[in-house]
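Printed here is final-v5.pdb (PDB, N, CA and C atoms, pLDDT in the B column):
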```
MODEL        1
ATOM      1  N   MET A   1    -158.236  43.641  14.147  1.00 55.00           N
ATOM      2  CA  MET A   1    -159.221  43.195  15.131  1.00 55.00           C
ATOM      3  C   MET A   1    -158.482  42.444  16.236  1.00 55.00           C
ATOM      4  N   HIS A   2    -158.847  42.757  17.459  1.00 57.00           N
ATOM      5  CA  HIS A   2    -158.253  42.085  18.607  1.00 57.00           C
ATOM      6  C   HIS A   2    -158.676  40.622  18.614  1.00 57.00           C
ATOM      7  N   PRO A   3    -157.778  39.699  18.993  1.00 62.00           N
ATOM      8  CA  PRO A   3    -158.134  38.269  18.992  1.00 62.00           C
ATOM      9  C   PRO A   3    -159.367  37.927  19.825  1.00 62.00           C
ATOM     10  N   TYR A   4    -159.578  38.620  20.941  1.00 56.00           N
ATOM     11  CA  TYR A   4    -160.763  38.333  21.765  1.00 56.00           C
ATOM     12  C   TYR A   4    -162.048  38.733  21.048  1.00 56.00           C
ATOM     13  N   ASN A   5    -161.979  39.798  20.253  1.00 57.00           N
ATOM     14  CA  ASN A   5    -163.152  40.186  19.483  1.00 57.00           C
ATOM     15  C   ASN A   5    -163.425  39.196  18.361  1.00 57.00           C
ATOM     16  N   ALA A   6    -162.379  38.632  17.778  1.00 58.00           N
ATOM     17  CA  ALA A   6    -162.569  37.620  16.741  1.00 58.00           C
ATOM     18  C   ALA A   6    -163.203  36.363  17.329  1.00 58.00           C
ATOM     19  N   ILE A   7    -162.791  36.007  18.537  1.00 53.00           N
ATOM     20  CA  ILE A   7    -163.395  34.854  19.211  1.00 53.00           C
ATOM     21  C   ILE A   7    -164.856  35.149  19.521  1.00 53.00           C
ATOM     22  N   ASN A   8    -165.150  36.382  19.894  1.00 51.00           N
ATOM     23  CA  ASN A   8    -166.498  36.783  20.272  1.00 51.00           C
ATOM     24  C   ASN A   8    -167.488  36.612  19.120  1.00 51.00           C
ATOM     25  N   LEU A   9    -167.017  36.657  17.886  1.00 50.00           N
ATOM     26  CA  LEU A   9    -167.913  36.489  16.748  1.00 50.00           C
ATOM     27  C   LEU A   9    -168.421  35.055  16.641  1.00 50.00           C
ATOM     28  N   THR A  10    -167.649  34.109  17.167  1.00 48.00           N
ATOM     29  CA  THR A  10    -168.040  32.711  17.035  1.00 48.00           C
ATOM     30  C   THR A  10    -168.432  32.062  18.352  1.00 48.00           C
ATOM     31  N   HIS A  11    -168.094  32.677  19.478  1.00 48.00           N
ATOM     32  CA  HIS A  11    -168.376  32.091  20.792  1.00 48.00           C
ATOM     33  C   HIS A  11    -169.085  33.119  21.669  1.00 48.00           C
ATOM     34  N   SER A  12    -169.671  32.627  22.725  1.00 61.00           N
ATOM     35  CA  SER A  12    -170.323  33.547  23.649  1.00 61.00           C
ATOM     36  C   SER A  12    -169.289  34.272  24.499  1.00 61.00           C
ATOM     37  N   CYS A  13    -169.676  35.372  25.071  1.00 64.00           N
ATOM     38  CA  CYS A  13    -168.758  36.136  25.918  1.00 64.00           C
ATOM     39  C   CYS A  13    -168.369  35.332  27.154  1.00 64.00           C
ATOM     40  N   TYR A  14    -169.211  34.384  27.537  1.00 65.00           N
ATOM     41  CA  TYR A  14    -168.904  33.570  28.705  1.00 65.00           C
ATOM     42  C   TYR A  14    -167.693  32.679  28.438  1.00 65.00           C
ATOM     43  N   LEU A  15    -167.550  32.157  27.222  1.00 71.00           N
ATOM     44  CA  LEU A  15    -166.388  31.344  26.881  1.00 71.00           C
ATOM     45  C   LEU A  15    -165.121  32.186  26.852  1.00 71.00           C
ATOM     46  N   ILE A  16    -165.228  33.399  26.378  1.00 74.00           N
ATOM     47  CA  ILE A  16    -164.083  34.299  26.370  1.00 74.00           C
ATOM     48  C   ILE A  16    -163.657  34.603  27.797  1.00 74.00           C
ATOM     49  N   THR A  17    -164.617  34.776  28.672  1.00 73.00           N
ATOM     50  CA  THR A  17    -164.310  35.105  30.059  1.00 73.00           C
ATOM     51  C   THR A  17    -163.573  33.968  30.744  1.00 73.00           C
ATOM     52  N   LYS A  18    -163.903  32.741  30.418  1.00 76.00           N
ATOM     53  CA  LYS A  18    -163.163  31.616  30.994  1.00 76.00           C
ATOM     54  C   LYS A  18    -161.687  31.710  30.639  1.00 76.00           C
ATOM     55  N   GLU A  19    -161.390  32.132  29.423  1.00 78.00           N
ATOM     56  CA  GLU A  19    -160.007  32.316  29.022  1.00 78.00           C
ATOM     57  C   GLU A  19    -159.395  33.541  29.700  1.00 78.00           C
ATOM     58  N   LEU A  20    -160.163  34.617  29.800  1.00 81.00           N
ATOM     59  CA  LEU A  20    -159.661  35.839  30.430  1.00 81.00           C
ATOM     60  C   LEU A  20    -159.451  35.671  31.932  1.00 81.00           C
ATOM     61  N   ASN A  21    -160.149  34.736  32.564  1.00 81.00           N
ATOM     62  CA  ASN A  21    -159.972  34.499  34.000  1.00 81.00           C
ATOM     63  C   ASN A  21    -158.546  34.086  34.322  1.00 81.00           C
ATOM     64  N   GLN A  22    -157.866  33.503  33.359  1.00 85.00           N
ATOM     65  CA  GLN A  22    -156.485  33.069  33.571  1.00 85.00           C
ATOM     66  C   GLN A  22    -155.512  34.245  33.497  1.00 85.00           C
ATOM     67  N   HIS A  23    -155.963  35.382  32.968  1.00 84.00           N
ATOM     68  CA  HIS A  23    -155.128  36.567  32.808  1.00 84.00           C
ATOM     69  C   HIS A  23    -155.870  37.775  33.389  1.00 84.00           C
ATOM     70  N   PRO A  24    -155.721  38.028  34.694  1.00 86.00           N
ATOM     71  CA  PRO A  24    -156.479  39.111  35.336  1.00 86.00           C
ATOM     72  C   PRO A  24    -156.281  40.479  34.693  1.00 86.00           C
ATOM     73  N   SER A  25    -155.101  40.781  34.187  1.00 87.00           N
ATOM     74  CA  SER A  25    -154.899  42.093  33.573  1.00 87.00           C
ATOM     75  C   SER A  25    -155.697  42.225  32.276  1.00 87.00           C
ATOM     76  N   LYS A  26    -155.803  41.141  31.504  1.00 85.00           N
ATOM     77  CA  LYS A  26    -156.598  41.170  30.275  1.00 85.00           C
ATOM     78  C   LYS A  26    -158.091  41.230  30.599  1.00 85.00           C
ATOM     79  N   PHE A  27    -158.495  40.535  31.663  1.00 85.00           N
ATOM     80  CA  PHE A  27    -159.892  40.611  32.092  1.00 85.00           C
ATOM     81  C   PHE A  27    -160.238  42.054  32.442  1.00 85.00           C
ATOM     82  N   LYS A  28    -159.346  42.708  33.174  1.00 88.00           N
ATOM     83  CA  LYS A  28    -159.606  44.085  33.591  1.00 88.00           C
ATOM     84  C   LYS A  28    -159.665  45.037  32.404  1.00 88.00           C
ATOM     85  N   SER A  29    -158.812  44.852  31.424  1.00 87.00           N
ATOM     86  CA  SER A  29    -158.842  45.745  30.266  1.00 87.00           C
ATOM     87  C   SER A  29    -160.057  45.467  29.376  1.00 87.00           C
ATOM     88  N   PHE A  30    -160.534  44.226  29.346  1.00 84.00           N
ATOM     89  CA  PHE A  30    -161.675  43.879  28.501  1.00 84.00           C
ATOM     90  C   PHE A  30    -162.995  44.327  29.123  1.00 84.00           C
ATOM     91  N   TYR A  31    -163.147  44.119  30.430  1.00 86.00           N
ATOM     92  CA  TYR A  31    -164.401  44.449  31.116  1.00 86.00           C
ATOM     93  C   TYR A  31    -164.327  45.711  31.961  1.00 86.00           C
ATOM     94  N   ARG A  32    -163.143  46.333  32.057  1.00 89.00           N
ATOM     95  CA  ARG A  32    -162.934  47.549  32.839  1.00 89.00           C
ATOM     96  C   ARG A  32    -163.291  47.348  34.316  1.00 89.00           C
ATOM     97  N   MET A  33    -162.993  46.154  34.792  1.00 90.00           N
ATOM     98  CA  MET A  33    -163.305  45.789  36.172  1.00 90.00           C
ATOM     99  C   MET A  33    -162.374  44.636  36.541  1.00 90.00           C
ATOM    100  N   SER A  34    -161.873  44.647  37.758  1.00 91.00           N
ATOM    101  CA  SER A  34    -161.013  43.540  38.173  1.00 91.00           C
ATOM    102  C   SER A  34    -161.840  42.278  38.367  1.00 91.00           C
ATOM    103  N   LEU A  35    -161.169  41.151  38.309  1.00 89.00           N
ATOM    104  CA  LEU A  35    -161.851  39.867  38.484  1.00 89.00           C
ATOM    105  C   LEU A  35    -162.443  39.749  39.881  1.00 89.00           C
ATOM    106  N   GLU A  36    -161.762  40.292  40.872  1.00 92.00           N
ATOM    107  CA  GLU A  36    -162.270  40.253  42.244  1.00 92.00           C
ATOM    108  C   GLU A  36    -163.542  41.083  42.383  1.00 92.00           C
ATOM    109  N   THR A  37    -163.568  42.247  41.740  1.00 94.00           N
ATOM    110  CA  THR A  37    -164.750  43.099  41.787  1.00 94.00           C
ATOM    111  C   THR A  37    -165.916  42.431  41.075  1.00 94.00           C
ATOM    112  N   TYR A  38    -165.639  41.778  39.941  1.00 91.00           N
ATOM    113  CA  TYR A  38    -166.670  41.052  39.204  1.00 91.00           C
ATOM    114  C   TYR A  38    -167.255  39.934  40.064  1.00 91.00           C
ATOM    115  N   THR A  39    -166.399  39.179  40.737  1.00 92.00           N
ATOM    116  CA  THR A  39    -166.870  38.099  41.602  1.00 92.00           C
ATOM    117  C   THR A  39    -167.726  38.639  42.737  1.00 92.00           C
ATOM    118  N   MET A  40    -167.321  39.764  43.307  1.00 95.00           N
ATOM    119  CA  MET A  40    -168.098  40.388  44.373  1.00 95.00           C
ATOM    120  C   MET A  40    -169.455  40.864  43.846  1.00 95.00           C
ATOM    121  N   LEU A  41    -169.473  41.448  42.652  1.00 95.00           N
ATOM    122  CA  LEU A  41    -170.718  41.917  42.048  1.00 95.00           C
ATOM    123  C   LEU A  41    -171.684  40.759  41.797  1.00 95.00           C
ATOM    124  N   VAL A  42    -171.160  39.644  41.300  1.00 93.00           N
ATOM    125  CA  VAL A  42    -171.998  38.459  41.060  1.00 93.00           C
ATOM    126  C   VAL A  42    -172.592  37.958  42.370  1.00 93.00           C
ATOM    127  N   SER A  43    -171.802  37.953  43.435  1.00 95.00           N
ATOM    128  CA  SER A  43    -172.327  37.472  44.722  1.00 95.00           C
ATOM    129  C   SER A  43    -173.379  38.416  45.288  1.00 95.00           C
ATOM    130  N   ILE A  44    -173.255  39.723  45.017  1.00 95.00           N
ATOM    131  CA  ILE A  44    -174.218  40.691  45.547  1.00 95.00           C
ATOM    132  C   ILE A  44    -175.556  40.604  44.810  1.00 95.00           C
ATOM    133  N   VAL A  45    -175.519  40.580  43.479  1.00 95.00           N
ATOM    134  CA  VAL A  45    -176.761  40.633  42.701  1.00 95.00           C
ATOM    135  C   VAL A  45    -177.272  39.260  42.279  1.00 95.00           C
ATOM    136  N   GLY A  46    -176.498  38.222  42.535  1.00 93.00           N
ATOM    137  CA  GLY A  46    -176.846  36.887  42.060  1.00 93.00           C
ATOM    138  C   GLY A  46    -178.206  36.396  42.488  1.00 93.00           C
ATOM    139  N   HIS A  47    -178.542  36.547  43.747  1.00 92.00           N
ATOM    140  CA  HIS A  47    -179.825  36.030  44.226  1.00 92.00           C
ATOM    141  C   HIS A  47    -181.008  36.837  43.692  1.00 92.00           C
ATOM    142  N   HIS A  48    -180.773  38.045  43.220  1.00 93.00           N
ATOM    143  CA  HIS A  48    -181.856  38.876  42.668  1.00 93.00           C
ATOM    144  C   HIS A  48    -182.169  38.534  41.210  1.00 93.00           C
ATOM    145  N   ILE A  49    -181.169  38.076  40.469  1.00 91.00           N
ATOM    146  CA  ILE A  49    -181.375  37.858  39.033  1.00 91.00           C
ATOM    147  C   ILE A  49    -181.370  36.378  38.641  1.00 91.00           C
ATOM    148  N   ARG A  50    -181.257  35.490  39.603  1.00 91.00           N
ATOM    149  CA  ARG A  50    -181.240  34.055  39.310  1.00 91.00           C
ATOM    150  C   ARG A  50    -182.647  33.578  38.954  1.00 91.00           C
ATOM    151  N   ARG A  51    -182.742  32.775  37.903  1.00 88.00           N
ATOM    152  CA  ARG A  51    -184.010  32.196  37.471  1.00 88.00           C
ATOM    153  C   ARG A  51    -183.862  30.682  37.352  1.00 88.00           C
ATOM    154  N   LYS A  52    -184.983  29.990  37.164  1.00 89.00           N
ATOM    155  CA  LYS A  52    -184.980  28.536  37.014  1.00 89.00           C
ATOM    156  C   LYS A  52    -185.260  28.154  35.569  1.00 89.00           C
ATOM    157  N   ASP A  53    -184.692  27.023  35.152  1.00 88.00           N
ATOM    158  CA  ASP A  53    -184.986  26.487  33.822  1.00 88.00           C
ATOM    159  C   ASP A  53    -186.438  26.030  33.772  1.00 88.00           C
ATOM    160  N   THR A  54    -187.023  26.111  32.583  1.00 88.00           N
ATOM    161  CA  THR A  54    -188.376  25.603  32.381  1.00 88.00           C
ATOM    162  C   THR A  54    -188.340  24.573  31.264  1.00 88.00           C
ATOM    163  N   ASN A  55    -189.479  23.993  30.972  1.00 91.00           N
ATOM    164  CA  ASN A  55    -189.564  23.036  29.870  1.00 91.00           C
ATOM    165  C   ASN A  55    -189.383  23.724  28.519  1.00 91.00           C
ATOM    166  N   PHE A  56    -189.554  25.026  28.476  1.00 91.00           N
ATOM    167  CA  PHE A  56    -189.517  25.762  27.216  1.00 91.00           C
ATOM    168  C   PHE A  56    -188.184  26.437  26.937  1.00 91.00           C
ATOM    169  N   ARG A  57    -187.399  26.689  27.968  1.00 87.00           N
ATOM    170  CA  ARG A  57    -186.132  27.390  27.750  1.00 87.00           C
ATOM    171  C   ARG A  57    -185.142  27.104  28.869  1.00 87.00           C
ATOM    172  N   MET A  58    -183.869  27.233  28.490  1.00 87.00           N
ATOM    173  CA  MET A  58    -182.792  27.166  29.470  1.00 87.00           C
ATOM    174  C   MET A  58    -182.407  28.615  29.797  1.00 87.00           C
ATOM    175  N   VAL A  59    -182.187  28.893  31.061  1.00 87.00           N
ATOM    176  CA  VAL A  59    -181.875  30.265  31.453  1.00 87.00           C
ATOM    177  C   VAL A  59    -180.370  30.510  31.375  1.00 87.00           C
ATOM    178  N   LEU A  60    -180.013  31.782  31.290  1.00 85.00           N
ATOM    179  CA  LEU A  60    -178.619  32.176  31.371  1.00 85.00           C
ATOM    180  C   LEU A  60    -178.180  32.135  32.825  1.00 85.00           C
ATOM    181  N   SER A  61    -176.932  31.790  33.036  1.00 85.00           N
ATOM    182  CA  SER A  61    -176.419  31.792  34.403  1.00 85.00           C
ATOM    183  C   SER A  61    -176.261  33.235  34.885  1.00 85.00           C
ATOM    184  N   VAL A  62    -176.142  33.389  36.180  1.00 89.00           N
ATOM    185  CA  VAL A  62    -175.970  34.714  36.768  1.00 89.00           C
ATOM    186  C   VAL A  62    -174.698  35.359  36.226  1.00 89.00           C
ATOM    187  N   GLU A  63    -173.634  34.570  36.118  1.00 86.00           N
ATOM    188  CA  GLU A  63    -172.370  35.095  35.613  1.00 86.00           C
ATOM    189  C   GLU A  63    -172.521  35.615  34.189  1.00 86.00           C
ATOM    190  N   GLU A  64    -173.230  34.880  33.341  1.00 85.00           N
ATOM    191  CA  GLU A  64    -173.443  35.317  31.959  1.00 85.00           C
ATOM    192  C   GLU A  64    -174.256  36.609  31.908  1.00 85.00           C
ATOM    193  N   LYS A  65    -175.284  36.699  32.733  1.00 88.00           N
ATOM    194  CA  LYS A  65    -176.113  37.908  32.744  1.00 88.00           C
ATOM    195  C   LYS A  65    -175.301  39.132  33.143  1.00 88.00           C
ATOM    196  N   VAL A  66    -174.460  38.998  34.155  1.00 89.00           N
ATOM    197  CA  VAL A  66    -173.643  40.116  34.602  1.00 89.00           C
ATOM    198  C   VAL A  66    -172.651  40.509  33.503  1.00 89.00           C
ATOM    199  N   LEU A  67    -172.058  39.540  32.833  1.00 85.00           N
ATOM    200  CA  LEU A  67    -171.121  39.848  31.754  1.00 85.00           C
ATOM    201  C   LEU A  67    -171.810  40.556  30.590  1.00 85.00           C
ATOM    202  N   ILE A  68    -173.021  40.150  30.279  1.00 84.00           N
ATOM    203  CA  ILE A  68    -173.777  40.819  29.201  1.00 84.00           C
ATOM    204  C   ILE A  68    -174.050  42.274  29.568  1.00 84.00           C
ATOM    205  N   ILE A  69    -174.402  42.494  30.826  1.00 86.00           N
ATOM    206  CA  ILE A  69    -174.669  43.860  31.273  1.00 86.00           C
ATOM    207  C   ILE A  69    -173.401  44.704  31.214  1.00 86.00           C
ATOM    208  N   LEU A  70    -172.279  44.121  31.607  1.00 83.00           N
ATOM    209  CA  LEU A  70    -171.019  44.865  31.602  1.00 83.00           C
ATOM    210  C   LEU A  70    -170.529  45.167  30.199  1.00 83.00           C
ATOM    211  N   ARG A  71    -170.753  44.256  29.289  1.00 78.00           N
ATOM    212  CA  ARG A  71    -170.271  44.428  27.929  1.00 78.00           C
ATOM    213  C   ARG A  71    -171.111  45.422  27.198  1.00 78.00           C
TER     214      ARG A  71
ENDMDL
END
```
The structure in this file should be written as structure tokens.
Amino acid sequence: MHPYNAINLTHSCYLITKELNQHPSKFKSFYRMSLETYTMLVSIVGHHIRRKDTNFRMVLSVEEKVLIILR
């Protein structure tokens, strides 16, 4: 099992991405997209998928939502 997949069993994909951000080649192999392209995608769709927290739930960030879709 790849170490990133082992981490994924105990942590969210967003935490893994913070680590992968330091290694652009690993980010690209994991998500099949460069970090620059991911950042551009978040800026394009961010205002369409952004939500507000309520008293009943905390929302996922735009970055987390995009990563879930990509994964």
Original post:
Of the candidates A:Leu35, A:Ile68, A:Val62, A:Ile16, which one gets nearest to Arg50 (chain A) if we count only C-alpha atoms?
Top reply: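 When distances to Arg50 (chain A) are compared using only C-alpha atoms, the smallest one comes from A:Val62.
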**OP:** Just list the residues in chain A DSSP gives alpha helix (DSSP H) on the backbone, as a ChimeraX atom specification.
**Re:** /A:3-10,13-20,24-31,35-49,62-70
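Relative to CA of Val45 (chain A), CA of Pro24 (chain A) is found at 21.6 Å.
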**OP:** In Å, rounded to a single decimal, give me how far atom N of Val42 (chain A) is from atom C of Glu64 (chain A).
**Re:** 10.3 Å
Original post:
By how many Å are atom N of Met33 (chain A) and CA of Leu15 (chain A) apart?
Top reply: 17.1 Å
